[in-house]
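Raw contents of query30.cif, mmCIF, C-alpha atoms and all ligand atoms; chains and numbers go by the auth columns:
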data_query
#
loop_
_atom_site.group_PDB
_atom_site.id
_atom_site.type_symbol
_atom_site.label_atom_id
_atom_site.label_comp_id
_atom_site.label_asym_id
_atom_site.label_seq_id
_atom_site.Cartn_x
_atom_site.Cartn_y
_atom_site.Cartn_z
_atom_site.B_iso_or_equiv
_atom_site.auth_seq_id
_atom_site.auth_asym_id
ATOM 1 C CA MET A 1 -2.577 -23.065 4.279 0.00 1 A
ATOM 2 C CA ILE A 2 0.285 -23.578 1.882 0.00 2 A
ATOM 3 C CA LYS A 3 2.424 -26.586 2.522 0.00 3 A
ATOM 4 C CA GLY A 4 6.164 -26.157 2.665 0.00 4 A
ATOM 5 C CA MET A 5 5.946 -22.444 2.876 0.00 5 A
ATOM 6 C CA ASP A 6 7.935 -20.642 5.503 0.00 6 A
ATOM 7 C CA LEU A 7 5.063 -18.825 7.176 0.00 7 A
ATOM 8 C CA ALA A 8 7.217 -17.485 9.990 0.00 8 A
ATOM 9 C CA ARG A 9 9.375 -15.782 7.390 0.00 9 A
ATOM 10 C CA MET A 10 6.337 -14.400 5.554 0.00 10 A
ATOM 11 C CA LYS A 11 5.009 -13.059 8.834 0.00 11 A
ATOM 12 C CA GLN A 12 8.321 -11.371 9.511 0.00 12 A
ATOM 13 C CA ARG A 13 8.319 -9.835 6.037 0.00 13 A
ATOM 14 C CA LEU A 14 4.762 -8.568 6.537 0.00 14 A
ATOM 15 C CA GLN A 15 5.633 -7.074 9.902 0.00 15 A
ATOM 16 C CA GLU A 16 8.718 -5.374 8.506 0.00 16 A
ATOM 17 C CA GLU A 17 6.689 -3.954 5.646 0.00 17 A
ATOM 18 C CA ARG A 18 4.031 -2.826 8.106 0.00 18 A
ATOM 19 C CA THR A 19 6.612 -0.966 10.218 0.00 19 A
ATOM 20 C CA ARG A 20 8.023 0.670 7.090 0.00 20 A
ATOM 21 C CA GLN A 21 4.607 1.762 5.812 0.00 21 A
ATOM 22 C CA LEU A 22 3.565 3.036 9.251 0.00 22 A
ATOM 23 C CA ALA A 23 6.678 5.217 9.400 0.00 23 A
ATOM 24 C CA LEU A 24 5.972 6.481 5.903 0.00 24 A
ATOM 25 C CA ALA A 25 2.332 7.255 6.763 0.00 25 A
ATOM 26 C CA ALA A 26 3.402 9.096 9.917 0.00 26 A
ATOM 27 C CA ARG A 27 5.870 11.186 7.913 0.00 27 A
ATOM 28 C CA LEU A 28 3.273 12.025 5.255 0.00 28 A
ATOM 29 C CA ARG A 29 0.719 13.000 7.897 0.00 29 A
ATOM 30 C CA GLN A 30 3.305 15.171 9.588 0.00 30 A
ATOM 31 C CA GLU A 31 4.133 16.927 6.319 0.00 31 A
ATOM 32 C CA GLU A 32 0.463 17.415 5.643 0.00 32 A
ATOM 33 C CA ALA A 33 -0.258 18.891 9.061 0.00 33 A
ATOM 34 C CA ASP A 34 2.832 21.059 9.087 0.00 34 A
ATOM 35 C CA PRO A 35 3.817 21.955 5.541 0.00 35 A
ATOM 36 C CA VAL A 36 7.196 23.552 5.113 0.00 36 A
ATOM 37 C CA GLU A 37 6.433 27.235 4.688 0.00 37 A
ATOM 38 C CA SER A 38 8.530 28.758 2.005 0.00 38 A
ATOM 39 C CA GLY A 39 9.019 32.515 2.336 0.00 39 A
ATOM 40 C CA GLU A 40 8.972 32.825 -1.413 0.00 40 A
ATOM 41 C CA LEU A 41 5.229 32.264 -1.445 0.00 41 A
ATOM 42 C CA SER A 42 4.539 35.789 -0.207 0.00 42 A
ATOM 43 C CA THR A 43 6.751 37.568 -2.711 0.00 43 A
ATOM 44 C CA ALA A 44 5.087 39.352 -5.594 0.00 44 A
ATOM 45 C CA ASP A 45 7.197 37.816 -8.330 0.00 45 A
ATOM 46 C CA GLN A 46 6.157 34.292 -7.428 0.00 46 A
ATOM 47 C CA HIS A 47 5.969 32.156 -10.519 0.00 47 A
ATOM 48 C CA PRO A 48 2.506 30.667 -10.991 0.00 48 A
ATOM 49 C CA ALA A 49 4.190 27.451 -12.070 0.00 49 A
ATOM 50 C CA GLU A 50 5.847 27.142 -8.666 0.00 50 A
ATOM 51 C CA LEU A 51 2.556 27.705 -6.893 0.00 51 A
ATOM 52 C CA GLY A 52 1.116 24.984 -9.053 0.00 52 A
ATOM 53 C CA SER A 53 3.860 22.586 -8.119 0.00 53 A
ATOM 54 C CA GLU A 54 3.275 23.283 -4.409 0.00 54 A
ATOM 55 C CA THR A 55 -0.336 22.276 -4.833 0.00 55 A
ATOM 56 C CA PHE A 56 0.685 19.311 -6.909 0.00 56 A
ATOM 57 C CA GLU A 57 3.131 18.120 -4.255 0.00 57 A
ATOM 58 C CA ARG A 58 0.447 18.426 -1.604 0.00 58 A
ATOM 59 C CA GLU A 59 -1.997 16.434 -3.681 0.00 59 A
ATOM 60 C CA LEU A 60 0.686 13.880 -4.389 0.00 60 A
ATOM 61 C CA GLU A 61 1.321 13.512 -0.650 0.00 61 A
ATOM 62 C CA LEU A 62 -2.365 12.985 0.046 0.00 62 A
ATOM 63 C CA THR A 63 -2.603 10.438 -2.755 0.00 63 A
ATOM 64 C CA THR A 64 0.490 8.658 -1.497 0.00 64 A
ATOM 65 C CA LEU A 65 -0.947 8.641 2.020 0.00 65 A
ATOM 66 C CA SER A 66 -4.158 6.991 0.874 0.00 66 A
ATOM 67 C CA ILE A 67 -2.145 4.389 -1.057 0.00 67 A
ATOM 68 C CA VAL A 68 0.021 3.725 2.004 0.00 68 A
ATOM 69 C CA GLU A 69 -3.079 3.398 4.210 0.00 69 A
ATOM 70 C CA GLY A 70 -4.591 1.004 1.709 0.00 70 A
ATOM 71 C CA GLU A 71 -1.460 -1.118 1.769 0.00 71 A
ATOM 72 C CA LEU A 72 -1.441 -1.098 5.560 0.00 72 A
ATOM 73 C CA ASN A 73 -4.991 -2.459 5.465 0.00 73 A
ATOM 74 C CA GLU A 74 -3.883 -5.206 3.102 0.00 74 A
ATOM 75 C CA ILE A 75 -0.897 -6.056 5.306 0.00 75 A
ATOM 76 C CA ASP A 76 -3.083 -6.187 8.434 0.00 76 A
ATOM 77 C CA GLY A 77 -5.485 -8.462 6.597 0.00 77 A
ATOM 78 C CA ALA A 78 -2.647 -10.766 5.566 0.00 78 A
ATOM 79 C CA LEU A 79 -1.367 -10.938 9.156 0.00 79 A
ATOM 80 C CA ARG A 80 -4.892 -11.837 10.324 0.00 80 A
ATOM 81 C CA ARG A 81 -5.107 -14.566 7.678 0.00 81 A
ATOM 82 C CA LEU A 82 -1.734 -15.886 8.837 0.00 82 A
ATOM 83 C CA ASP A 83 -3.093 -16.169 12.382 0.00 83 A
ATOM 84 C CA HIS A 84 -6.289 -17.847 11.164 0.00 84 A
ATOM 85 C CA GLY A 85 -4.501 -20.296 8.906 0.00 85 A
ATOM 86 C CA SER A 86 -6.102 -19.025 5.711 0.00 86 A
ATOM 87 C CA TYR A 87 -3.025 -17.235 4.464 0.00 87 A
ATOM 88 C CA GLY A 88 -2.072 -17.861 0.844 0.00 88 A
ATOM 89 C CA ILE A 89 -5.571 -18.978 -0.161 0.00 89 A
ATOM 90 C CA CYS A 90 -7.316 -17.037 -2.919 0.00 90 A
ATOM 91 C CA GLU A 91 -10.416 -15.313 -1.501 0.00 91 A
ATOM 92 C CA GLU A 92 -12.219 -15.764 -4.803 0.00 92 A
ATOM 93 C CA CYS A 93 -11.628 -19.366 -5.828 0.00 93 A
ATOM 94 C CA GLY A 94 -10.215 -20.844 -2.623 0.00 94 A
ATOM 95 C CA LYS A 95 -7.165 -22.250 -4.355 0.00 95 A
ATOM 96 C CA PRO A 96 -3.620 -21.721 -3.085 0.00 96 A
ATOM 97 C CA ILE A 97 -1.967 -18.576 -4.400 0.00 97 A
ATOM 98 C CA ASP A 98 1.190 -19.146 -6.369 0.00 98 A
ATOM 99 C CA GLU A 99 4.183 -19.036 -4.069 0.00 99 A
ATOM 100 C CA ALA A 100 6.179 -16.778 -6.400 0.00 100 A
ATOM 101 C CA ARG A 101 3.300 -14.329 -6.288 0.00 101 A
ATOM 102 C CA LEU A 102 3.314 -14.339 -2.489 0.00 102 A
ATOM 103 C CA GLU A 103 7.052 -13.777 -2.559 0.00 103 A
ATOM 104 C CA ALA A 104 6.498 -10.691 -4.707 0.00 104 A
ATOM 105 C CA VAL A 105 3.336 -9.501 -2.915 0.00 105 A
ATOM 106 C CA PRO A 106 3.193 -11.098 0.558 0.00 106 A
ATOM 107 C CA TRP A 107 -0.244 -9.564 1.246 0.00 107 A
ATOM 108 C CA ALA A 108 -1.847 -10.831 -1.981 0.00 108 A
ATOM 109 C CA ARG A 109 -5.487 -11.836 -1.451 0.00 109 A
ATOM 110 C CA TYR A 110 -6.171 -13.364 -4.833 0.00 110 A
ATOM 111 C CA CYS A 111 -4.459 -15.723 -7.228 0.00 111 A
ATOM 112 C CA VAL A 112 -3.015 -14.226 -10.423 0.00 112 A
ATOM 113 C CA LEU A 113 -6.090 -15.127 -12.484 0.00 113 A
ATOM 114 C CA ASP A 114 -8.617 -13.642 -10.079 0.00 114 A
ATOM 115 C CA GLN A 115 -6.477 -10.558 -9.488 0.00 115 A
ATOM 116 C CA ALA A 116 -6.380 -9.916 -13.241 0.00 116 A
ATOM 117 C CA ARG A 117 -10.127 -10.485 -13.474 0.00 117 A
ATOM 118 C CA ILE A 118 -10.854 -8.079 -10.598 0.00 118 A
ATOM 119 C CA GLU A 119 -8.546 -5.400 -11.985 0.00 119 A
ATOM 120 C CA GLN A 120 -10.197 -5.724 -15.360 0.00 120 A
ATOM 121 C CA ALA A 121 -13.640 -5.369 -13.785 0.00 121 A
ATOM 122 C CA LEU A 122 -12.518 -2.270 -11.870 0.00 122 A
ATOM 123 C CA SER A 123 -11.017 -0.631 -14.942 0.00 123 A
ATOM 124 C CA ARG A 124 -14.276 -1.133 -16.808 0.00 124 A
ATOM 125 C CA ARG A 125 -16.181 1.073 -14.358 0.00 125 A
HETATM 126 ZN ZN ZN B . -8.374 -17.385 -7.422 0.00 201 B
#

Would you mind writing the file's structure down as structure tokens?
Ligand SMILES: [Zn+2]
Amino acid sequence: MIKGMDLARMKQRLQEERTRQLALAARLRQEEADPVESGELSTADQHPAELGSETFERELELTTLSIVEGELNEIDGALRRLDHGSYGICEECGKPIDEARLEAVPWARYCVLDQARIEQALSRR
């Protein structure tokens, strides 16, 4: 647990972010389930480029949805850590995460060094 940190405020920030991401996820799911049908799609002189951009937008929505769901997982994890008193502790090295980093990314699980190391390992795959 980080001393001197306003955990109640961090919790509020996490909950606000969670509400925002949940609304976003719900909207994306809605759009995915019920795509706006454009009448132009059935016309013969449809530009292939426009068809392509429809597909692209759909893929973009699905990608965004999986990012949003990933962030929701991270936020839930951070809220759990807050309740268990392990919030703000790097899961890799067990040291406190820099407060400025938590201000920027309230659901951060790793300190800056370990985050960089993990990202580097992932990009090497
Ligand atoms: Zn660390």

query = Mind telling me what the PyMOL selection byres (((chain A and resi 88) around 12) and not hetatm) catches here, as a PyMOL selection string?
reply = chain A and resi 1-7+10-11+77-87+89-103+105-112

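For the choices A:Gln30, A:Gln21, A:Ser123, A:Gln115, the atom-to-atom distance to ligand ZN 201 (chain B) is smallest for A:Gln115 when using all atoms listed in the file.
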
ask   = In Å to one decimal, how far is CA of Leu14 in chain A from CA of Arg117 in chain A?
value =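 CA of Leu14 in chain A lies 25.0 Å from CA of Arg117 in chain A.
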
request  = Name the residues captured by the PyMOL selection byres (((chain A and resi 62) around 12) and not hetatm) when it is applied to the shown file; answer as a ChimeraX atom specification.
outcome  = /A:25,27-33,55-61,63-69

Axis-aligned box over every listed atom of range 55-65 of chain A, padded by 5 Å per side: centre and edges in Å to one decimal, as lines of an AutoDock Vina configuration file?
center_x = 0.3
center_y = 15.5
center_z = -2.4
size_x = 15.7
size_y = 23.6
size_z = 18.9

ask   = Could you work out how far CA of Thr19 in chain A lies from CA of Ala116 in chain A, giving the answer in Å with one decimal?
value =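 Between CA of Ala116 in chain A and CA of Thr19 in chain A the gap is 28.3 Å.
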
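Note that CA of Ala104 in chain A and CA of Asn73 in chain A are 17.4 Å apart.
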
inquiry  = Which residue is closest to ligand ZN 201 (chain B)? Choose from A:Glu119, A:Glu16, A:Arg125, A:Leu113 and count all atoms listed in the file.
reply    =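 Ranking A:Glu119, A:Glu16, A:Arg125, A:Leu113 by distance to ligand ZN 201 (chain B), first place goes to A:Leu113.
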